[in-house]
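Asks: Next comes entry22.cif, mmCIF, C-alpha atoms and all ligand atoms:
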```
data_work
#
loop_
_atom_site.group_PDB
_atom_site.id
_atom_site.type_symbol
_atom_site.label_atom_id
_atom_site.label_comp_id
_atom_site.auth_asym_id
_atom_site.auth_seq_id
_atom_site.Cartn_x
_atom_site.Cartn_y
_atom_site.Cartn_z
ATOM 1 C CA MET A 1393 0.000 0.000 0.000
ATOM 2 C CA ARG A 1394 2.695 2.456 0.959
ATOM 3 C CA PRO A 1395 4.417 2.593 -2.460
ATOM 4 C CA ALA A 1396 1.013 3.155 -4.112
ATOM 5 C CA ILE A 1397 0.279 6.106 -1.817
ATOM 6 C CA ALA A 1398 3.753 7.481 -2.414
ATOM 7 C CA SER A 1399 3.430 7.286 -6.197
ATOM 8 C CA CYS A 1400 -0.034 8.825 -6.009
ATOM 9 C CA ALA A 1401 1.411 11.716 -3.988
ATOM 10 C CA LEU A 1402 4.206 12.053 -6.523
ATOM 11 C CA ALA A 1403 1.687 12.185 -9.370
ATOM 12 C CA LEU A 1404 -0.215 14.968 -7.569
ATOM 13 C CA LEU A 1405 3.033 16.839 -7.032
ATOM 14 C CA LEU A 1406 3.926 16.553 -10.730
ATOM 15 C CA LEU A 1407 0.430 17.694 -11.682
ATOM 16 C CA ALA A 1408 0.755 20.677 -9.330
ATOM 17 C CA SER A 1409 4.105 21.709 -10.792
ATOM 18 C CA ALA A 1410 2.782 21.310 -14.347
ATOM 19 C CA THR A 1411 -0.076 23.702 -13.565
ATOM 20 C CA ALA A 1412 2.033 26.160 -11.538
ATOM 21 C CA PHE A 1413 2.440 28.255 -14.699
ATOM 22 C CA PRO A 1414 -0.839 28.570 -16.578
ATOM 23 C CA ALA A 1415 -0.602 29.069 -20.313
ATOM 24 C CA ALA A 1416 -1.572 32.740 -20.073
ATOM 25 C CA PRO A 1417 1.124 35.064 -18.706
ATOM 26 C CA GLU A 1418 0.572 36.172 -15.114
ATOM 27 C CA LEU A 1419 0.745 39.945 -15.206
ATOM 28 C CA LYS A 1420 1.485 42.668 -12.676
ATOM 29 C CA GLY A 1421 0.596 46.120 -13.929
ATOM 30 C CA ARG A 1422 -2.123 47.663 -16.058
ATOM 31 C CA TRP A 1423 -2.152 47.985 -19.815
ATOM 32 C CA VAL A 1424 -2.189 51.751 -19.850
ATOM 33 C CA GLN A 1425 -0.255 54.121 -22.094
ATOM 34 C CA GLY A 1426 3.241 54.761 -20.693
ATOM 35 C CA ALA A 1427 3.195 51.839 -18.242
ATOM 36 C CA PRO A 1428 5.669 49.038 -17.692
ATOM 37 C CA VAL A 1429 3.876 45.666 -17.578
ATOM 38 C CA PHE A 1430 5.625 42.914 -15.619
ATOM 39 C CA GLY A 1431 4.806 39.263 -16.027
ATOM 40 C CA THR A 1432 5.685 35.624 -15.616
ATOM 41 C CA VAL A 1433 5.465 32.784 -18.117
ATOM 42 C CA ALA A 1434 6.625 29.175 -17.909
ATOM 43 C CA PRO A 1435 10.433 29.190 -17.703
ATOM 44 C CA GLY A 1436 11.869 28.300 -21.086
ATOM 45 C CA SER A 1437 9.082 30.095 -22.976
ATOM 46 C CA LYS A 1438 9.866 32.535 -25.766
ATOM 47 C CA LEU A 1439 8.052 35.836 -25.868
ATOM 48 C CA ARG A 1440 7.348 38.469 -28.466
ATOM 49 C CA PHE A 1441 5.788 41.914 -27.986
ATOM 50 C CA GLY A 1442 5.284 44.128 -31.010
ATOM 51 C CA GLU A 1443 8.444 44.115 -33.092
ATOM 52 C CA ARG A 1444 10.647 42.834 -30.300
ATOM 53 C CA ASP A 1445 11.734 39.462 -28.897
ATOM 54 C CA VAL A 1446 11.418 39.819 -25.126
ATOM 55 C CA ALA A 1447 13.933 38.207 -22.773
ATOM 56 C CA VAL A 1448 12.464 35.765 -20.240
ATOM 57 C CA SER A 1449 14.481 35.182 -17.048
ATOM 58 C CA GLN A 1450 15.284 31.728 -15.671
ATOM 59 C CA GLU A 1451 12.273 32.110 -13.363
ATOM 60 C CA GLY A 1452 10.062 33.086 -16.304
ATOM 61 C CA ARG A 1453 9.969 36.820 -15.500
ATOM 62 C CA PHE A 1454 9.757 39.540 -18.119
ATOM 63 C CA VAL A 1455 8.850 43.184 -18.632
ATOM 64 C CA VAL A 1456 7.438 45.061 -21.604
ATOM 65 C CA GLY A 1457 6.770 48.776 -22.022
ATOM 66 C CA VAL A 1458 3.593 50.383 -23.348
ATOM 67 C CA ALA A 1459 4.343 53.494 -25.390
ATOM 68 C CA TYR A 1460 3.087 57.022 -24.663
ATOM 69 C CA ASP A 1461 0.885 56.851 -27.756
ATOM 70 C CA ALA A 1462 0.284 53.065 -27.867
ATOM 71 C CA PRO A 1463 -2.734 51.934 -29.930
ATOM 72 C CA PRO A 1464 -5.781 50.477 -28.094
ATOM 73 C CA ALA A 1465 -4.741 46.826 -28.566
ATOM 74 C CA ALA A 1466 -1.558 45.052 -27.436
ATOM 75 C CA GLU A 1467 -0.523 41.455 -27.976
ATOM 76 C CA LEU A 1468 1.887 39.067 -26.285
ATOM 77 C CA VAL A 1469 2.938 36.041 -28.317
ATOM 78 C CA VAL A 1470 4.182 33.203 -26.109
ATOM 79 C CA THR A 1471 5.930 30.144 -27.496
ATOM 80 C CA ASP A 1472 5.745 27.655 -24.649
ATOM 81 C CA PRO A 1473 8.606 25.240 -23.848
ATOM 82 C CA ALA A 1474 6.867 22.541 -25.941
ATOM 83 C CA GLY A 1475 6.896 24.862 -28.976
ATOM 84 C CA ALA A 1476 3.171 25.700 -29.042
ATOM 85 C CA VAL A 1477 2.396 29.331 -29.900
ATOM 86 C CA HIS A 1478 -0.219 31.236 -27.865
ATOM 87 C CA ARG A 1479 -1.441 34.755 -28.566
ATOM 88 C CA TYR A 1480 -2.883 36.970 -25.836
ATOM 89 C CA GLU A 1481 -4.586 40.252 -26.589
ATOM 90 C CA TYR A 1482 -5.025 43.124 -24.163
ATOM 91 C CA SER A 1483 -6.765 46.451 -24.409
ATOM 92 C CA VAL A 1484 -4.623 49.471 -23.617
ATOM 93 C CA GLU A 1485 -6.215 52.287 -21.609
ATOM 94 C CA PRO A 1486 -5.600 55.666 -23.220
ATOM 95 C CA ARG A 1487 -4.389 58.579 -21.104
ATOM 96 C CA THR A 1488 -5.139 62.258 -21.259
ATOM 97 C CA TYR A 1489 -1.977 64.280 -20.966
ATOM 98 C CA ASP A 1490 -1.550 67.755 -19.466
ATOM 99 C CA VAL A 1491 -0.487 70.773 -21.433
ATOM 100 C CA GLN A 1492 2.407 72.604 -19.767
ATOM 101 C CA LYS A 1493 3.354 76.129 -20.801
ATOM 102 C CA ILE A 1494 6.754 77.505 -19.841
ATOM 103 C CA SER A 1495 7.653 81.015 -20.889
ATOM 104 C CA GLY A 1496 10.650 83.218 -20.295
ATOM 105 C CA LEU A 1497 13.258 80.592 -21.160
ATOM 106 C CA PRO A 1498 16.346 81.933 -22.915
ATOM 107 C CA GLN A 1499 15.452 81.590 -26.607
ATOM 108 C CA GLY A 1500 18.796 79.834 -27.219
ATOM 109 C CA MET A 1501 17.615 76.926 -25.047
ATOM 110 C CA VAL A 1502 14.230 76.613 -26.775
ATOM 111 C CA GLU A 1503 15.661 76.690 -30.265
ATOM 112 C CA PRO A 1504 19.296 75.775 -29.952
ATOM 113 C CA PRO A 1505 21.816 77.797 -31.930
ATOM 114 C CA ALA A 1506 23.355 76.060 -34.954
ATOM 115 C CA ALA A 1507 26.699 75.949 -33.145
ATOM 116 C CA VAL A 1508 25.416 73.354 -30.631
ATOM 117 C CA LEU A 1509 23.454 71.083 -33.010
ATOM 118 C CA ALA A 1510 26.406 68.703 -33.401
ATOM 119 C CA ARG A 1511 26.774 68.539 -29.621
ATOM 120 C CA ILE A 1512 23.059 67.790 -29.182
ATOM 121 C CA GLU A 1513 23.269 65.045 -31.790
ATOM 122 C CA SER A 1514 26.252 63.447 -30.076
ATOM 123 C CA ASP A 1515 24.445 63.707 -26.691
ATOM 124 C CA GLN A 1516 21.423 61.929 -28.195
ATOM 125 C CA LYS A 1517 23.655 59.125 -29.488
ATOM 126 C CA LEU A 1518 25.179 58.658 -26.023
ATOM 127 C CA VAL A 1519 21.738 58.486 -24.421
ATOM 128 C CA ALA A 1520 20.286 56.146 -27.063
ATOM 129 C CA GLY A 1521 23.367 53.911 -26.755
ATOM 130 C CA ALA A 1522 22.811 53.631 -22.991
ATOM 131 C CA ARG A 1523 19.301 52.210 -23.507
ATOM 132 C CA VAL A 1524 20.015 49.350 -25.906
ATOM 133 C CA PHE A 1525 21.169 46.850 -23.282
ATOM 134 C CA ASP A 1526 19.172 43.671 -22.693
ATOM 135 C CA THR A 1527 21.102 42.685 -19.582
ATOM 136 C CA PRO A 1528 20.268 39.322 -17.954
ATOM 137 C CA ILE A 1529 19.925 40.705 -14.399
ATOM 138 C CA ASP A 1530 16.625 40.643 -12.522
ATOM 139 C CA ASP A 1531 16.630 43.961 -10.628
ATOM 140 C CA PHE A 1532 13.815 45.043 -12.984
ATOM 141 C CA ALA A 1533 11.507 42.527 -11.293
ATOM 142 C CA GLY A 1534 12.092 43.814 -7.740
ATOM 143 C CA ALA A 1535 10.772 46.815 -5.825
ATOM 144 C CA PHE A 1536 11.568 50.405 -6.867
ATOM 145 C CA ILE A 1537 11.958 53.443 -4.592
ATOM 146 C CA TRP A 1538 11.525 57.183 -5.198
ATOM 147 C CA PRO A 1539 14.986 58.613 -5.951
ATOM 148 C CA VAL A 1540 14.333 61.677 -3.751
ATOM 149 C CA ALA A 1541 11.670 62.581 -1.181
ATOM 150 C CA ALA A 1542 9.845 65.498 -2.760
ATOM 151 C CA GLU A 1543 6.684 66.885 -4.286
ATOM 152 C CA VAL A 1544 5.785 66.018 -7.873
ATOM 153 C CA THR A 1545 5.846 69.240 -9.911
ATOM 154 C CA GLY A 1546 5.869 67.821 -13.433
ATOM 155 C CA VAL A 1547 4.284 64.674 -14.838
ATOM 156 C CA TYR A 1548 4.796 62.229 -17.684
ATOM 157 C CA GLY A 1549 3.422 62.993 -21.099
ATOM 158 C CA SER A 1550 2.647 66.652 -20.570
ATOM 159 C CA ASN A 1551 2.781 68.542 -23.816
ATOM 160 C CA ARG A 1552 5.234 71.378 -23.489
ATOM 161 C CA ILE A 1553 4.806 74.747 -25.044
ATOM 162 C CA LEU A 1554 8.092 76.566 -24.538
ATOM 163 C CA ASN A 1555 8.011 80.309 -25.175
ATOM 164 C CA GLY A 1556 4.834 79.659 -27.171
ATOM 165 C CA VAL A 1557 6.308 76.881 -29.377
ATOM 166 C CA PRO A 1558 4.959 73.264 -29.002
ATOM 167 C CA LYS A 1559 7.793 70.818 -28.246
ATOM 168 C CA GLN A 1560 8.260 67.092 -27.655
ATOM 169 C CA PRO A 1561 6.159 65.926 -24.670
ATOM 170 C CA HIS A 1562 7.831 65.852 -21.256
ATOM 171 C CA PHE A 1563 8.555 62.219 -20.383
ATOM 172 C CA GLY A 1564 9.918 62.693 -16.863
ATOM 173 C CA ILE A 1565 8.503 62.958 -13.372
ATOM 174 C CA ASP A 1566 9.782 66.235 -11.909
ATOM 175 C CA LEU A 1567 10.530 66.092 -8.192
ATOM 176 C CA ALA A 1568 11.090 69.454 -6.496
ATOM 177 C CA ALA A 1569 13.993 68.587 -4.221
ATOM 178 C CA PRO A 1570 16.499 71.272 -3.211
ATOM 179 C CA GLU A 1571 19.902 71.732 -4.828
ATOM 180 C CA GLY A 1572 22.364 69.216 -3.400
ATOM 181 C CA ALA A 1573 19.773 66.731 -2.090
ATOM 182 C CA PRO A 1574 21.032 63.151 -2.462
ATOM 183 C CA VAL A 1575 19.626 61.205 -5.423
ATOM 184 C CA ARG A 1576 19.228 57.472 -4.853
ATOM 185 C CA ALA A 1577 19.177 54.571 -7.288
ATOM 186 C CA SER A 1578 15.525 53.523 -7.669
ATOM 187 C CA ALA A 1579 16.613 49.913 -8.054
ATOM 188 C CA GLY A 1580 19.845 48.005 -8.373
ATOM 189 C CA GLY A 1581 21.600 47.776 -11.694
ATOM 190 C CA VAL A 1582 24.501 48.857 -13.859
ATOM 191 C CA VAL A 1583 25.388 52.478 -14.694
ATOM 192 C CA ARG A 1584 25.189 52.848 -18.483
ATOM 193 C CA LEU A 1585 25.686 56.610 -18.688
ATOM 194 C CA ALA A 1586 27.255 59.008 -16.201
ATOM 195 C CA HIS A 1587 27.813 62.412 -17.796
ATOM 196 C CA ARG A 1588 28.346 65.772 -16.105
ATOM 197 C CA ASP A 1589 27.109 68.050 -18.822
ATOM 198 C CA LEU A 1590 24.717 67.080 -21.594
ATOM 199 C CA TYR A 1591 23.328 70.129 -23.398
ATOM 200 C CA TYR A 1592 19.653 69.716 -22.473
ATOM 201 C CA THR A 1593 19.827 67.544 -19.368
ATOM 202 C CA GLY A 1594 23.094 68.603 -17.685
ATOM 203 C CA GLY A 1595 24.408 66.035 -15.187
ATOM 204 C CA THR A 1596 22.809 62.794 -16.387
ATOM 205 C CA ILE A 1597 22.800 59.198 -15.121
ATOM 206 C CA ILE A 1598 21.163 56.172 -16.766
ATOM 207 C CA LEU A 1599 20.826 52.940 -14.753
ATOM 208 C CA ASP A 1600 20.172 49.584 -16.433
ATOM 209 C CA HIS A 1601 17.972 47.314 -14.272
ATOM 210 C CA GLY A 1602 17.947 44.405 -16.715
ATOM 211 C CA HIS A 1603 15.743 43.242 -19.599
ATOM 212 C CA GLY A 1604 15.751 46.703 -21.209
ATOM 213 C CA LEU A 1605 14.288 48.538 -18.211
ATOM 214 C CA SER A 1606 16.290 51.650 -17.318
ATOM 215 C CA THR A 1607 15.844 54.745 -15.162
ATOM 216 C CA THR A 1608 17.321 58.172 -15.914
ATOM 217 C CA TYR A 1609 18.234 61.044 -13.569
ATOM 218 C CA LEU A 1610 18.619 64.536 -15.032
ATOM 219 C CA HIS A 1611 19.889 68.046 -14.197
ATOM 220 C CA LEU A 1612 22.227 66.710 -11.483
ATOM 221 C CA SER A 1613 24.656 69.125 -9.814
ATOM 222 C CA LYS A 1614 26.943 66.196 -9.000
ATOM 223 C CA VAL A 1615 27.416 62.757 -10.556
ATOM 224 C CA ASP A 1616 28.848 60.242 -8.076
ATOM 225 C CA VAL A 1617 29.045 57.113 -10.273
ATOM 226 C CA THR A 1618 30.891 56.043 -13.396
ATOM 227 C CA SER A 1619 29.768 54.085 -16.432
ATOM 228 C CA GLY A 1620 29.909 50.319 -15.927
ATOM 229 C CA GLN A 1621 29.626 50.574 -12.138
ATOM 230 C CA GLU A 1622 27.133 48.317 -10.356
ATOM 231 C CA VAL A 1623 24.826 50.012 -7.858
ATOM 232 C CA LYS A 1624 22.381 48.751 -5.260
ATOM 233 C CA ARG A 1625 18.862 50.061 -4.730
ATOM 234 C CA GLY A 1626 19.024 53.156 -2.491
ATOM 235 C CA ALA A 1627 22.691 53.964 -3.168
ATOM 236 C CA VAL A 1628 23.405 57.698 -3.526
ATOM 237 C CA ILE A 1629 24.375 58.190 -7.181
ATOM 238 C CA GLY A 1630 24.379 61.989 -7.431
ATOM 239 C CA ARG A 1631 22.924 65.284 -6.199
ATOM 240 C CA VAL A 1632 19.921 67.334 -7.270
ATOM 241 C CA GLY A 1633 20.752 70.371 -9.393
ATOM 242 C CA LYS A 1634 19.589 72.605 -12.216
ATOM 243 C CA THR A 1635 22.183 71.832 -14.883
ATOM 244 C CA GLY A 1636 21.191 71.771 -18.557
ATOM 245 C CA ARG A 1637 17.824 73.229 -19.558
ATOM 246 C CA ALA A 1638 16.213 73.611 -16.142
ATOM 247 C CA THR A 1639 14.448 76.612 -14.666
ATOM 248 C CA GLY A 1640 15.360 75.693 -11.071
ATOM 249 C CA PRO A 1641 16.716 72.831 -8.965
ATOM 250 C CA HIS A 1642 14.710 69.604 -9.304
ATOM 251 C CA LEU A 1643 15.190 65.982 -10.259
ATOM 252 C CA CYS A 1644 13.708 64.969 -13.585
ATOM 253 C CA TRP A 1645 13.309 61.202 -13.220
ATOM 254 C CA ARG A 1646 12.543 58.990 -16.197
ATOM 255 C CA ALA A 1647 12.068 55.349 -17.114
ATOM 256 C CA ASN A 1648 12.498 53.502 -20.373
ATOM 257 C CA TRP A 1649 11.942 50.065 -21.841
ATOM 258 C CA PHE A 1650 14.693 50.221 -24.463
ATOM 259 C CA ASP A 1651 13.758 53.337 -26.478
ATOM 260 C CA VAL A 1652 10.122 53.282 -25.300
ATOM 261 C CA ARG A 1653 9.588 56.131 -22.845
ATOM 262 C CA LEU A 1654 7.648 55.087 -19.752
ATOM 263 C CA ASP A 1655 6.025 56.844 -16.814
ATOM 264 C CA ALA A 1656 8.569 56.252 -14.021
ATOM 265 C CA SER A 1657 5.915 56.771 -11.319
ATOM 266 C CA VAL A 1658 4.156 53.572 -12.431
ATOM 267 C CA LEU A 1659 7.205 51.619 -11.220
ATOM 268 C CA LEU A 1660 5.993 52.429 -7.685
ATOM 269 C CA GLN A 1661 2.239 52.908 -7.844
ATOM 270 C CA PRO A 1662 -0.625 51.596 -9.978
ATOM 271 C CA ASP A 1663 -1.897 55.052 -10.961
ATOM 272 C CA PRO A 1664 0.353 57.591 -12.678
ATOM 273 C CA ALA A 1665 1.625 60.343 -10.342
ATOM 274 C CA LYS A 1666 -0.201 63.656 -10.399
ATOM 275 C CA LYS A 1667 1.137 67.122 -9.695
ATOM 276 C CA GLY A 1668 1.175 67.999 -6.012
ATOM 277 C CA GLU A 1669 1.595 64.406 -4.766
ATOM 278 C CA LYS A 1670 4.322 64.154 -2.120
ATOM 279 C CA LYS A 1671 6.710 61.211 -2.356
ATOM 280 C CA LYS A 1672 9.089 59.700 0.179
HETATM 281 ZN ZN ZN B 1701 11.421 66.864 -16.216
#
```
Would you write out, as structure tokens, the structure that this file holds?
Replies:
Amino acid sequence: MRPAIASCALALLLLASATAFPAAPELKGRWVQGAPVFGTVAPGSKLRFGERDVAVSQEGRFVVGVAYDAPPAAELVVTDPAGAVHRYEYSVEPRTYDVQKISGLPQGMVEPPAAVLARIESDQKLVAGARVFDTPIDDFAGAFIWPVAAEVTGVYGSNRILNGVPKQPHFGIDLAAPEGAPVRASAGGVVRLAHRDLYYTGGTIILDHGHGLSTTYLHLSKVDVTSGQEVKRGAVIGRVGKTGRATGPHLCWRANWFDVRLDASVLLQPDPAKKGEKKK
């Protein structure tokens, strides 16, 4: 009798482990414009989202990013370890973005003089090059923290009208911390860019948290890390400042999934941050 009971228990155990990962991805996060969506599939699955093959960690974890202007339908294509292909469709909630008017900026910063166009182009290459990594580390799947304790004064996606001229939307979360306040790594990862003086963004740090998820810290008065350095969540990486095109000291904090610009606040809370919210 005993061996029969044992093999029955074993069969149940095998059944349980086979059903531990249902066919459909388990998701954490809402399908809303600008949001990161985290998920888990059976380890060994292959995943595709839009035009991109998505890395799946050994535990089956992954992240994808929903664009600022994503269409109303999104699809994940999962090839399970047995080779069967499953398609999952999701509806993406649209967002309404603020319009932000800033006047009185030096005209040279709104429409850069020809003399700095080459510098801006080389800055953009540095930044783009820091966001191509698909690093097999799993910090992306852990908790994130606010990089400074401060009030939100600017939100993701706001359309900017600078000195009356419509510009690219603002993709950061502005946090009104004082000059010199310590800026902390929102999660662990690898420094992919540490630059003291980019034309628009001044002192700039980009941290790679794995699987294409990165966070960016702008207008820093001090940069305390170097490219290639590993950092832990909460480590002081720089100081708040107003370098680059900034009207006063604040941290502009951003998140990306590769070149897809995300709302960094959604790394910490289900609903996008609004102006006036206080973070700590
Ligand atoms: Zn900003």
Asks: Quote the spacing between atom CA of Gly1572 of chain A and atom CA of Ile1597 of chain A in Å to one decimal place.
Replies: 15.4 Å
Asks: For the structure shown, which residues end up in the PyMOL selection byres (((chain A and resi 1613) around 7) and not hetatm)? Put them as a PyMOL selection string, please?
Replies: chain A and resi 1572+1595+1611-1612+1614-1615+1631-1635
Asks: Restrict the calculation to all atoms listed in the file, then for each residue of chain A with any atom at most 12 Å from an atom of ligand ZN 1701 (chain B) give the closest atom pair and their distance in Å to one decimal, rows by chain and rising residue number, as a Markdown table.
Replies:
```
| residue | atom | partner | partner_atom | distance |
| --- | --- | --- | --- | --- |
| A:Gln1492 | CA | B:ZN1701 | ZN | 11.3 |
| A:Val1544 | CA | B:ZN1701 | ZN | 10.1 |
| A:Thr1545 | CA | B:ZN1701 | ZN | 8.7 |
| A:Gly1546 | CA | B:ZN1701 | ZN | 6.3 |
| A:Val1547 | CA | B:ZN1701 | ZN | 7.6 |
| A:Tyr1548 | CA | B:ZN1701 | ZN | 8.2 |
| A:Gly1549 | CA | B:ZN1701 | ZN | 10.1 |
| A:Ser1550 | CA | B:ZN1701 | ZN | 9.8 |
| A:Asn1551 | CA | B:ZN1701 | ZN | 11.6 |
| A:Arg1552 | CA | B:ZN1701 | ZN | 10.6 |
| A:Gln1560 | CA | B:ZN1701 | ZN | 11.9 |
| A:Pro1561 | CA | B:ZN1701 | ZN | 10.0 |
| A:His1562 | CA | B:ZN1701 | ZN | 6.3 |
| A:Phe1563 | CA | B:ZN1701 | ZN | 6.9 |
| A:Gly1564 | CA | B:ZN1701 | ZN | 4.5 |
| A:Ile1565 | CA | B:ZN1701 | ZN | 5.6 |
| A:Asp1566 | CA | B:ZN1701 | ZN | 4.7 |
| A:Leu1567 | CA | B:ZN1701 | ZN | 8.1 |
| A:Ala1568 | CA | B:ZN1701 | ZN | 10.1 |
| A:Tyr1592 | CA | B:ZN1701 | ZN | 10.7 |
| A:Thr1593 | CA | B:ZN1701 | ZN | 9.0 |
| A:Gly1594 | CA | B:ZN1701 | ZN | 11.9 |
| A:Thr1608 | CA | B:ZN1701 | ZN | 10.5 |
| A:Tyr1609 | CA | B:ZN1701 | ZN | 9.3 |
| A:Leu1610 | CA | B:ZN1701 | ZN | 7.7 |
| A:His1611 | CA | B:ZN1701 | ZN | 8.8 |
| A:Leu1612 | CA | B:ZN1701 | ZN | 11.8 |
| A:Lys1634 | CA | B:ZN1701 | ZN | 10.8 |
| A:Thr1635 | CA | B:ZN1701 | ZN | 11.9 |
| A:Gly1636 | CA | B:ZN1701 | ZN | 11.2 |
| A:Arg1637 | CA | B:ZN1701 | ZN | 9.6 |
| A:Ala1638 | CA | B:ZN1701 | ZN | 8.3 |
| A:Thr1639 | CA | B:ZN1701 | ZN | 10.3 |
| A:Gly1640 | CA | B:ZN1701 | ZN | 11.0 |
| A:Pro1641 | CA | B:ZN1701 | ZN | 10.8 |
| A:His1642 | CA | B:ZN1701 | ZN | 8.1 |
| A:Leu1643 | CA | B:ZN1701 | ZN | 7.1 |
| A:Cys1644 | CA | B:ZN1701 | ZN | 4.0 |
| A:Trp1645 | CA | B:ZN1701 | ZN | 6.7 |
| A:Arg1646 | CA | B:ZN1701 | ZN | 8.0 |
| A:Ala1647 | CA | B:ZN1701 | ZN | 11.6 |
| A:Asp1655 | CA | B:ZN1701 | ZN | 11.4 |
| A:Ala1656 | CA | B:ZN1701 | ZN | 11.2 |
```
Asks: Which residue out of A:Glu1669, A:Glu1481, A:Asp1472, A:Asp1616 has the minimum interatomic distance to Ser1657 of chain A when only C-alpha atoms are used?
Replies: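 Of the candidates, the smallest distance to Ser1657 of chain A is held by A:Glu1669.
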Asks: Please identify all polymer residues within 10 Å of Val1628 of chain A, counting only C-alpha atoms, omitting same-chain residues fewer than 5 positions from it, and present them as a tab-separated table (two decimals) with C-alpha atoms, in the frame of the given file.
Replies:
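Output file result.tsv follows:
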```tsv
chain	number	residue	atom	x	y	z
A	1539	PRO	CA	14.99	58.61	-5.95
A	1540	VAL	CA	14.33	61.68	-3.75
A	1573	ALA	CA	19.77	66.73	-2.09
A	1574	PRO	CA	21.03	63.15	-2.46
A	1575	VAL	CA	19.63	61.20	-5.42
A	1576	ARG	CA	19.23	57.47	-4.85
A	1577	ALA	CA	19.18	54.57	-7.29
A	1578	SER	CA	15.52	53.52	-7.67
A	1615	VAL	CA	27.42	62.76	-10.56
A	1616	ASP	CA	28.85	60.24	-8.08
A	1617	VAL	CA	29.04	57.11	-10.27
A	1623	VAL	CA	24.83	50.01	-7.86
```
Asks: For this structure, which residues satisfy the selection - the PyMOL selection byres (((chain A and resi 1581) around 9) and not hetatm) - when it is evaluated on the file as given? I want them as a PyMOL selection string.
Replies: chain A and resi 1529-1532+1577+1579-1580+1582-1583+1599-1602+1606+1621-1625
Asks: Would you put the residues from that selection into a file with C-alpha atoms, as an mmCIF file, in the coordinates of the input?
Replies:
```cif
data_model
loop_
_atom_site.group_PDB
_atom_site.id
_atom_site.type_symbol
_atom_site.label_atom_id
_atom_site.label_comp_id
_atom_site.auth_asym_id
_atom_site.auth_seq_id
_atom_site.Cartn_x
_atom_site.Cartn_y
_atom_site.Cartn_z
ATOM 1 C CA ILE A 1529 19.925 40.705 -14.399
ATOM 2 C CA ASP A 1530 16.625 40.643 -12.522
ATOM 3 C CA ASP A 1531 16.630 43.961 -10.628
ATOM 4 C CA PHE A 1532 13.815 45.043 -12.984
ATOM 5 C CA ALA A 1577 19.177 54.571 -7.288
ATOM 6 C CA ALA A 1579 16.613 49.913 -8.054
ATOM 7 C CA GLY A 1580 19.845 48.005 -8.373
ATOM 8 C CA VAL A 1582 24.501 48.857 -13.859
ATOM 9 C CA VAL A 1583 25.388 52.478 -14.694
ATOM 10 C CA LEU A 1599 20.826 52.940 -14.753
ATOM 11 C CA ASP A 1600 20.172 49.584 -16.433
ATOM 12 C CA HIS A 1601 17.972 47.314 -14.272
ATOM 13 C CA GLY A 1602 17.947 44.405 -16.715
ATOM 14 C CA SER A 1606 16.290 51.650 -17.318
ATOM 15 C CA GLN A 1621 29.626 50.574 -12.138
ATOM 16 C CA GLU A 1622 27.133 48.317 -10.356
ATOM 17 C CA VAL A 1623 24.826 50.012 -7.858
ATOM 18 C CA LYS A 1624 22.381 48.751 -5.260
ATOM 19 C CA ARG A 1625 18.862 50.061 -4.730
#
```
Asks: What's the 9 Å shell around His1603 of chain A, counting all atoms listed in the file, without same-chain residues fewer than 6 positions away, as a list in words?
Replies: Val1446, Ala1447, Val1448, Ser1449, Phe1454, Val1455, Val1456, Phe1525, Asp1526, Thr1527, Pro1528, Ile1529, Asp1530, Phe1532, Trp1649 and Phe1650 of chain A
Asks: Can you list, as a list in words, every protein, DNA or RNA residue that comes within 8 Å of Lys1672 of chain A when you count only C-alpha atoms, leaving out same-chain residues fewer than 5 positions away?
Replies: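 Non-adjacent residues within range: Trp1538, Val1540, Ala1541 and Ala1542 of chain A.
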Asks: Save the residues we just selected, C-alpha atoms, as a PDB file, in the frame of the given file?
Replies:
```
ATOM      1  CA  TRP A1538      11.525  57.183  -5.198  1.00  0.00           C
ATOM      2  CA  VAL A1540      14.333  61.677  -3.751  1.00  0.00           C
ATOM      3  CA  ALA A1541      11.670  62.581  -1.181  1.00  0.00           C
ATOM      4  CA  ALA A1542       9.845  65.498  -2.760  1.00  0.00           C
TER       5      ALA A1542
END
```
Asks: To one decimal place in Å, what is the distance between atom CA of Arg1588 of chain A and atom CA of Thr1618 of chain A?
Replies: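 Straight-line distance from atom CA of Arg1588 of chain A to atom CA of Thr1618 of chain A works out to 10.4 Å.
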Asks: As a check of understanding, name the residues that the PyMOL selection byres (((chain A and resi 1493) around 8) and not hetatm) selects in the supplied structure, as a ChimeraX atom specification.
Replies: /A:1491-1492,1494-1495,1552-1556
Asks: I'd like to know which of A:Arg1422, A:Val1652, A:Glu1543, A:Pro1428 is closest to Ala1665 of chain A, using only C-alpha atoms.
Replies: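 Nearest candidate to Ala1665 of chain A out of A:Arg1422, A:Val1652, A:Glu1543, A:Pro1428: A:Glu1543.
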Asks: Nearest to Val1470 of chain A: which of A:Val1458, A:Leu1439, A:Leu1605, A:Val1484 is it, counting only C-alpha atoms?
Replies: A:Leu1439
Asks: Considering all atoms listed in the file, can you say which of A:Leu1590, A:Val1658, A:Val1557, A:Leu1585 comes closest to Ile1629 of chain A?
Replies: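 The answer is A:Leu1585, which sits nearest to Ile1629 of chain A.
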